[in-house]
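Next comes model36.cif, a file with mmCIF, C-alpha atoms and all ligand atoms.
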```cif
data_work
loop_
_atom_site.label_atom_id
_atom_site.label_comp_id
_atom_site.auth_asym_id
_atom_site.auth_seq_id
_atom_site.Cartn_x
_atom_site.Cartn_y
_atom_site.Cartn_z
CA ASP R 1 10.36 -18.42 -13.35
CA THR R 2 9.49 -18.80 -9.69
CA THR R 3 8.18 -15.25 -9.38
CA HIS R 4 5.51 -15.68 -12.07
CA GLY R 5 2.18 -14.16 -11.06
CA ARG R 6 3.55 -12.16 -8.14
CA ILE R 7 3.66 -8.42 -7.86
CA LEU R 8 5.88 -8.61 -4.79
CA TYR R 9 8.16 -11.38 -3.65
CA LEU R 10 10.33 -11.57 -0.52
CA GLU R 11 12.50 -14.57 0.26
CA ASP R 12 14.60 -15.22 3.35
CA VAL R 13 14.93 -11.53 4.12
CA SER R 14 16.76 -10.63 7.33
CA VAL R 15 17.86 -7.41 8.95
CA SER R 16 19.43 -6.72 12.34
CA PHE R 17 19.70 -3.50 14.30
CA ASP R 18 22.59 -3.55 16.77
CA GLY R 19 22.54 -7.33 16.81
CA PHE R 20 18.74 -7.56 17.24
CA ARG R 21 17.10 -9.46 14.39
CA ALA R 22 14.02 -7.34 13.55
CA ILE R 23 13.35 -9.34 10.36
CA ASN R 24 14.32 -12.99 10.48
CA LYS R 25 14.26 -15.01 7.23
CA LEU R 26 10.96 -13.46 6.13
CA SER R 27 9.37 -14.91 2.99
CA LEU R 28 6.15 -13.54 1.56
CA ASP R 29 4.51 -12.92 -1.78
CA ILE R 30 1.59 -10.86 -3.03
CA ALA R 31 -0.42 -11.62 -6.17
CA PRO R 32 -1.35 -8.90 -8.67
CA GLY R 33 -4.58 -7.17 -7.60
CA GLU R 34 -4.55 -8.76 -4.16
CA LEU R 35 -5.42 -6.94 -0.96
CA ARG R 36 -3.23 -8.41 1.78
CA CYS R 37 -3.68 -7.52 5.43
CA ILE R 38 -0.69 -7.73 7.74
CA ILE R 39 -1.26 -8.14 11.46
CA GLY R 40 1.03 -8.93 14.36
CA PRO R 41 1.97 -7.69 17.82
CA ASN R 42 4.01 -4.54 18.39
CA GLY R 43 7.62 -5.09 17.41
CA ALA R 44 6.74 -7.93 15.01
CA GLY R 45 8.58 -6.18 12.17
CA LYS R 46 5.65 -4.81 10.16
CA THR R 47 7.11 -1.31 9.76
CA THR R 48 10.59 -2.65 9.08
CA MET R 49 9.19 -4.91 6.34
CA MET R 50 7.55 -1.91 4.66
CA ASP R 51 10.81 0.03 5.05
CA ILE R 52 12.64 -2.77 3.24
CA ILE R 53 10.11 -2.94 0.39
CA THR R 54 10.27 0.83 -0.16
CA GLY R 55 14.07 0.97 -0.01
CA LYS R 56 14.24 2.93 3.24
CA THR R 57 16.01 0.07 5.02
CA ARG R 58 18.47 -2.25 3.31
CA PRO R 59 18.27 -5.90 4.45
CA ASP R 60 21.41 -7.79 5.46
CA GLU R 61 20.39 -10.72 3.29
CA GLY R 62 17.55 -12.07 1.18
CA THR R 63 15.67 -11.35 -2.03
CA VAL R 64 13.08 -8.65 -2.70
CA PHE R 65 11.50 -8.59 -6.16
CA PHE R 66 8.85 -6.33 -7.68
CA GLY R 67 7.11 -8.30 -10.41
CA SER R 68 9.20 -11.09 -11.87
CA THR R 69 12.14 -9.02 -13.09
CA ILE R 70 12.85 -6.04 -10.84
CA ASP R 71 15.33 -6.66 -8.02
CA LEU R 72 14.30 -3.90 -5.59
CA LEU R 73 17.55 -4.16 -3.65
CA ARG R 74 19.32 -2.53 -6.60
CA TYR R 75 17.26 0.66 -6.35
CA THR R 76 17.04 3.70 -4.07
CA GLU R 77 13.94 4.80 -2.17
CA PRO R 78 12.98 7.54 -4.72
CA GLU R 79 13.53 5.15 -7.62
CA ILE R 80 11.25 2.57 -5.99
CA ALA R 81 8.53 5.20 -5.43
CA GLN R 82 8.90 6.15 -9.07
CA MET R 83 8.35 2.61 -10.34
CA GLY R 84 4.87 2.45 -8.83
CA ILE R 85 5.12 1.52 -5.16
CA GLY R 86 3.19 4.06 -3.08
CA ARG R 87 3.37 4.25 0.68
CA LYS R 88 1.08 5.92 3.17
CA PHE R 89 2.13 6.41 6.77
CA GLN R 90 -0.38 6.49 9.60
CA LYS R 91 -0.73 10.27 9.99
CA PRO R 92 -2.25 12.19 7.08
CA THR R 93 0.18 14.63 5.45
CA VAL R 94 -1.97 16.70 3.11
CA PHE R 95 -1.29 20.36 2.35
CA GLU R 96 -3.86 22.01 4.62
CA GLN R 97 -3.66 25.47 2.99
CA LEU R 98 -4.39 24.06 -0.46
CA THR R 99 -7.67 22.82 -1.88
CA VAL R 100 -8.49 19.16 -2.44
CA PHE R 101 -8.01 19.75 -6.17
CA GLU R 102 -4.62 21.41 -5.68
CA ASN R 103 -3.43 18.60 -3.42
CA LEU R 104 -4.26 16.04 -6.11
CA GLU R 105 -2.67 18.23 -8.79
CA LEU R 106 0.47 18.60 -6.72
CA ALA R 107 0.70 14.83 -6.40
CA LEU R 108 1.67 14.74 -10.06
CA LYS R 109 4.63 16.99 -9.39
CA THR R 110 6.75 14.16 -8.04
CA ASP R 111 6.16 12.28 -11.27
CA LYS R 112 9.42 12.78 -13.15
CA ARG R 113 7.66 12.02 -16.42
CA VAL R 114 5.92 15.38 -16.09
CA THR R 115 8.36 18.03 -17.28
CA PRO R 116 8.47 21.31 -15.30
CA SER R 117 7.01 23.34 -18.19
CA VAL R 118 3.70 21.51 -18.08
CA LEU R 119 3.42 21.46 -14.29
CA PHE R 120 0.04 22.65 -13.04
CA ARG R 121 -1.47 22.38 -16.47
CA LEU R 122 -3.17 19.06 -16.54
CA ASP R 123 -3.48 17.40 -19.90
CA SER R 124 -6.84 15.80 -20.61
CA ALA R 125 -5.71 12.35 -19.43
CA GLN R 126 -4.54 13.84 -16.13
CA ALA R 127 -7.76 15.83 -15.72
CA ASP R 128 -9.75 12.65 -16.32
CA ARG R 129 -7.60 10.82 -13.80
CA LEU R 130 -8.12 13.57 -11.23
CA ALA R 131 -11.90 13.44 -11.68
CA GLU R 132 -11.86 9.65 -11.39
CA VAL R 133 -9.72 9.79 -8.22
CA LEU R 134 -12.05 12.40 -6.66
CA GLY R 135 -14.94 9.96 -7.05
CA THR R 136 -12.93 7.02 -5.76
CA ILE R 137 -11.96 8.84 -2.56
CA HIS R 138 -15.52 10.05 -1.88
CA LEU R 139 -14.59 13.73 -2.42
CA ALA R 140 -16.34 14.52 -5.71
CA GLY R 141 -17.97 17.93 -5.23
CA SER R 142 -15.48 18.88 -2.50
CA GLU R 143 -12.58 19.68 -4.82
CA ASN R 144 -12.56 23.38 -3.89
CA ARG R 145 -12.55 22.85 -0.14
CA LEU R 146 -9.35 23.61 1.73
CA ALA R 147 -7.79 20.34 2.85
CA GLY R 148 -7.43 21.80 6.35
CA THR R 149 -11.24 21.88 6.69
CA LEU R 150 -11.67 18.16 5.95
CA SER R 151 -12.42 15.57 8.63
CA HIS R 152 -9.63 13.21 9.72
CA GLY R 153 -11.10 10.45 7.54
CA GLN R 154 -11.40 12.71 4.51
CA LYS R 155 -7.76 13.78 4.90
CA GLN R 156 -6.75 10.12 4.90
CA TRP R 157 -8.76 9.54 1.72
CA LEU R 158 -7.21 12.62 0.11
CA GLU R 159 -3.73 11.32 0.85
CA ILE R 160 -4.67 7.97 -0.69
CA GLY R 161 -5.97 9.96 -3.67
CA MET R 162 -2.61 11.72 -3.95
CA LEU R 163 -0.95 8.32 -4.21
CA LEU R 164 -3.55 7.17 -6.74
CA MET R 165 -2.74 10.11 -9.05
CA GLN R 166 0.45 8.22 -9.93
CA ASP R 167 -1.55 5.03 -10.64
CA PRO R 168 0.71 2.88 -8.42
CA LYS R 169 0.90 -0.86 -8.96
CA LEU R 170 1.37 -1.54 -5.25
CA LEU R 171 0.13 0.48 -2.28
CA LEU R 172 1.48 0.03 1.24
CA LEU R 173 -0.75 1.46 3.94
CA ASP R 174 -0.05 1.75 7.64
CA GLU R 175 -3.15 1.60 9.88
CA PRO R 176 -5.40 3.48 7.46
CA VAL R 177 -8.53 3.48 9.66
CA ALA R 178 -6.86 4.43 12.95
CA GLY R 179 -8.79 7.36 14.47
CA MET R 180 -11.68 7.10 12.00
CA THR R 181 -15.37 7.08 12.94
CA ASP R 182 -17.33 3.88 12.24
CA GLU R 183 -18.90 5.49 9.19
CA GLU R 184 -15.52 6.62 7.84
CA THR R 185 -14.15 3.13 8.45
CA ALA R 186 -17.03 1.58 6.49
CA ARG R 187 -16.47 3.99 3.59
CA THR R 188 -12.74 3.26 3.68
CA ALA R 189 -13.52 -0.45 3.33
CA GLU R 190 -15.63 0.43 0.28
CA LEU R 191 -12.74 2.50 -1.10
CA PHE R 192 -10.21 -0.32 -0.62
CA LEU R 193 -12.49 -2.89 -2.23
CA SER R 194 -12.77 -0.60 -5.27
CA LEU R 195 -8.95 -0.38 -5.53
CA LYS R 196 -8.44 -4.13 -5.39
CA GLY R 197 -7.82 -5.66 -8.80
CA ARG R 198 -6.43 -2.54 -10.43
CA HIS R 199 -3.84 -2.12 -7.65
CA SER R 200 -2.23 -4.53 -5.22
CA LEU R 201 -2.48 -3.46 -1.59
CA MET R 202 -0.60 -4.33 1.57
CA VAL R 203 -2.43 -3.03 4.63
CA VAL R 204 -1.08 -3.09 8.17
CA GLU R 205 -4.11 -2.89 10.50
CA HIS R 206 -5.31 -3.71 13.99
CA ASP R 207 -9.06 -3.23 13.40
CA MET R 208 -10.31 -6.80 13.01
CA SER R 209 -13.80 -5.96 11.76
CA PHE R 210 -12.26 -3.75 9.06
CA ILE R 211 -9.87 -6.57 8.13
CA ARG R 212 -12.79 -9.02 7.96
CA THR R 213 -14.55 -6.76 5.45
CA ILE R 214 -11.65 -6.15 3.09
CA SER R 215 -9.14 -8.98 3.15
CA ASP R 216 -8.56 -12.05 1.08
CA ILE R 217 -5.52 -13.40 2.92
CA VAL R 218 -4.18 -12.25 6.27
CA THR R 219 -0.50 -12.64 7.12
CA VAL R 220 0.48 -12.73 10.80
CA LEU R 221 4.00 -11.48 11.47
CA CYS R 222 5.80 -12.31 14.67
CA GLU R 223 9.46 -11.85 15.57
CA GLY R 224 10.30 -10.81 12.04
CA ALA R 225 8.81 -13.80 10.22
CA VAL R 226 5.46 -15.17 9.05
CA LEU R 227 3.76 -16.98 11.94
CA ALA R 228 0.52 -17.84 10.12
CA GLN R 229 -1.31 -17.03 6.92
CA GLY R 230 -4.84 -17.63 5.63
CA SER R 231 -8.34 -16.22 5.96
CA LEU R 232 -8.93 -14.08 9.05
CA ALA R 233 -11.01 -16.90 10.56
CA GLN R 234 -8.19 -19.37 9.95
CA VAL R 235 -5.46 -17.26 11.53
CA GLN R 236 -7.68 -16.28 14.47
CA ALA R 237 -8.25 -19.97 15.20
CA ASP R 238 -4.52 -20.74 14.99
CA GLU R 239 -3.18 -21.63 18.43
CA ARG R 240 0.22 -20.04 17.82
CA VAL R 241 -1.51 -16.79 16.88
CA ILE R 242 -3.73 -16.89 19.97
CA GLU R 243 -0.70 -17.51 22.13
CA VAL R 244 1.23 -14.59 20.67
CA TYR R 245 -1.67 -12.19 21.21
CA LEU R 246 -2.65 -13.40 24.67
CA GLY R 247 0.91 -13.85 25.83
CA ARG R 248 1.65 -10.10 25.67
P1 LIG C 301 6.06 -3.27 14.19
O1 LIG C 301 5.88 -2.27 13.10
O2 LIG C 301 5.50 -4.61 13.87
O3 LIG C 301 5.57 -2.78 15.52
P2 LIG C 301 8.86 -2.65 13.85
O4 LIG C 301 9.20 -3.05 12.46
O5 LIG C 301 8.62 -1.21 14.12
O6 LIG C 301 7.64 -3.53 14.37
O7 LIG C 301 10.03 -3.09 14.82
C1 LIG C 301 10.57 -4.41 14.89
C2 LIG C 301 11.68 -4.43 15.90
O8 LIG C 301 12.83 -3.78 15.36
C3 LIG C 301 11.34 -3.69 17.18
O9 LIG C 301 11.88 -4.42 18.28
C4 LIG C 301 12.05 -2.36 17.02
O10 LIG C 301 12.39 -1.82 18.27
C5 LIG C 301 13.25 -2.73 16.18
N1 LIG C 301 13.67 -1.62 15.29
C6 LIG C 301 13.00 -1.16 14.22
N2 LIG C 301 13.69 -0.19 13.60
C7 LIG C 301 14.84 -0.01 14.30
C8 LIG C 301 15.99 0.84 14.17
N3 LIG C 301 16.08 1.72 13.17
N4 LIG C 301 16.97 0.72 15.09
C9 LIG C 301 16.88 -0.17 16.09
N5 LIG C 301 15.85 -1.00 16.27
C10 LIG C 301 14.83 -0.93 15.39
#
```
Taking this structure as input, can you express it in the form of structure tokens?
Ligand code: ADP
Amino acid sequence: DTTHGRILYLEDVSVSFDGFRAINKLSLDIAPGELRCIIGPNGAGKTTMMDIITGKTRPDEGTVFFGSTIDLLRYTEPEIAQMGIGRKFQKPTVFEQLTVFENLELALKTDKRVTPSVLFRLDSAQADRLAEVLGTIHLAGSENRLAGTLSHGQKQWLEIGMLLMQDPKLLLLDEPVAGMTDEETARTAELFLSLKGRHSLMVVEHDMSFIRTISDIVTVLCEGAVLAQGSLAQVQADERVIEVYLGR
């Protein structure tokens, strides 16, 4: 079983748009509980890779497995979300007119295991989960605030909290600290480190000091494939990586 010990496994994945190869024989795997940072210049294929993992874009060829048994290419985007792959886009999309508590409560609504009759009545396990998530996202005590009154950073944390309500196995996050203050960035690093282990994370980021704080392994994408992989120090010292960043 070649996929043993991997939560996510891509092999020789390719996709073209109008003849342009955005992803070109990409192979990558993520271990359970790992926090992987993805970097790379604009147009490297980072967004397209996430689109393939979440079922939004279908590759022309290649293998995409979730765990050792689930062939993700056989499932639709909603089915993939349902099996425990959560995705957060760059801009926060919380419900501004609702409270923090209501936003987290609503996040359970998309869980098809919750039948309509029990919607909005949390059972004790769900209430415990909500309280735990509030602490994790640094919003304990703010549950009755309207989401619209939160800072940009707090909105980002709330949206991560909404994903956490479903207890996802894998979280894909696109530039989570973009637009945050230094203090919010530091607290986001703390938050991510607390998620590691229980969840696997794939984080696309440009903020190198944030990456240095949180990451185990950094993968550098370029022209739709892995250019380099290793610790941040290793990839930053890699001549091909330097060339790609300075050459643009
Ligand atoms: P990144 O997120 O690393 O900046 P993207 O995955 O957004 O890179 O894009 C990779 C390449 O694929 C870019 O050249 C982009 O223009 C192209 N691309 C992405 N999606 C589409 C699409 N739906 N149609 C045409 N070209 C696309």
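You can rank R:Leu139, R:Ala189, R:Ile70, R:Val226 by their closest distance to ligand LIG 301 (chain C) using all atoms listed in the file, and at the top of that list sits R:Val226.
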message = Give me, as a PyMOL selection string, the set of residues whose atoms come within 12 Å of any atom of ligand LIG 301 (chain C), counting all atoms listed in the file.
response = chain R and resi 14-24+38-52+56-59+89-90+173-175+203-206+220-226
task = Can you pull out every residue within 10 Å of Gln154 (chain R), counting only C-alpha atoms, but drop anything in the same chain fewer than 3 positions away, and send it as number ranges by chain?
result = R: 92, 100, 137-139, 147, 149-151, 157-160, 180, 184, 188
request  = Go through R:Phe192, R:Phe210, R:Phe65, R:Tyr9 one by one, measure the shortest atom-to-atom distance of each to Thr136 (chain R) using only C-alpha atoms, and give the residue with the smallest value.
outcome  = R:Phe192
inquiry  = List as number ranges by chain the protein and nucleic acid residues near Asn103 (chain R), meaning an atom at most 10 Å away when only C-alpha atoms are counted, but skip any in the same chain fewer than 5 places from it.
reply    = R: 94-98, 108, 143, 146-147, 158-159, 161-162
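Among the candidates R:Asp123, R:Glu34, R:Asp128, R:Asp60, the one nearest to Leu195 (chain R) when counting only C-alpha atoms is R:Glu34.
Once only C-alpha atoms are considered, the residues situated within 6 Å of the file point (2.8, 4.1, -10.0) turn out to be Met83, Gly84, Ile85, Gln166, Asp167, Pro168 and Lys169 of chain R.
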Would you put the residues from that selection into a file with C-alpha atoms, as a PDB file, in the frame of the given file?
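Written file, out-v5.pdb:
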```
ATOM      1  CA  MET R  83       8.350   2.610 -10.340  1.00  0.00           C
ATOM      2  CA  GLY R  84       4.870   2.450  -8.830  1.00  0.00           C
ATOM      3  CA  ILE R  85       5.120   1.520  -5.160  1.00  0.00           C
ATOM      4  CA  GLN R 166       0.450   8.220  -9.930  1.00  0.00           C
ATOM      5  CA  ASP R 167      -1.550   5.030 -10.640  1.00  0.00           C
ATOM      6  CA  PRO R 168       0.710   2.880  -8.420  1.00  0.00           C
ATOM      7  CA  LYS R 169       0.900  -0.860  -8.960  1.00  0.00           C
TER       8      LYS R 169
END
```
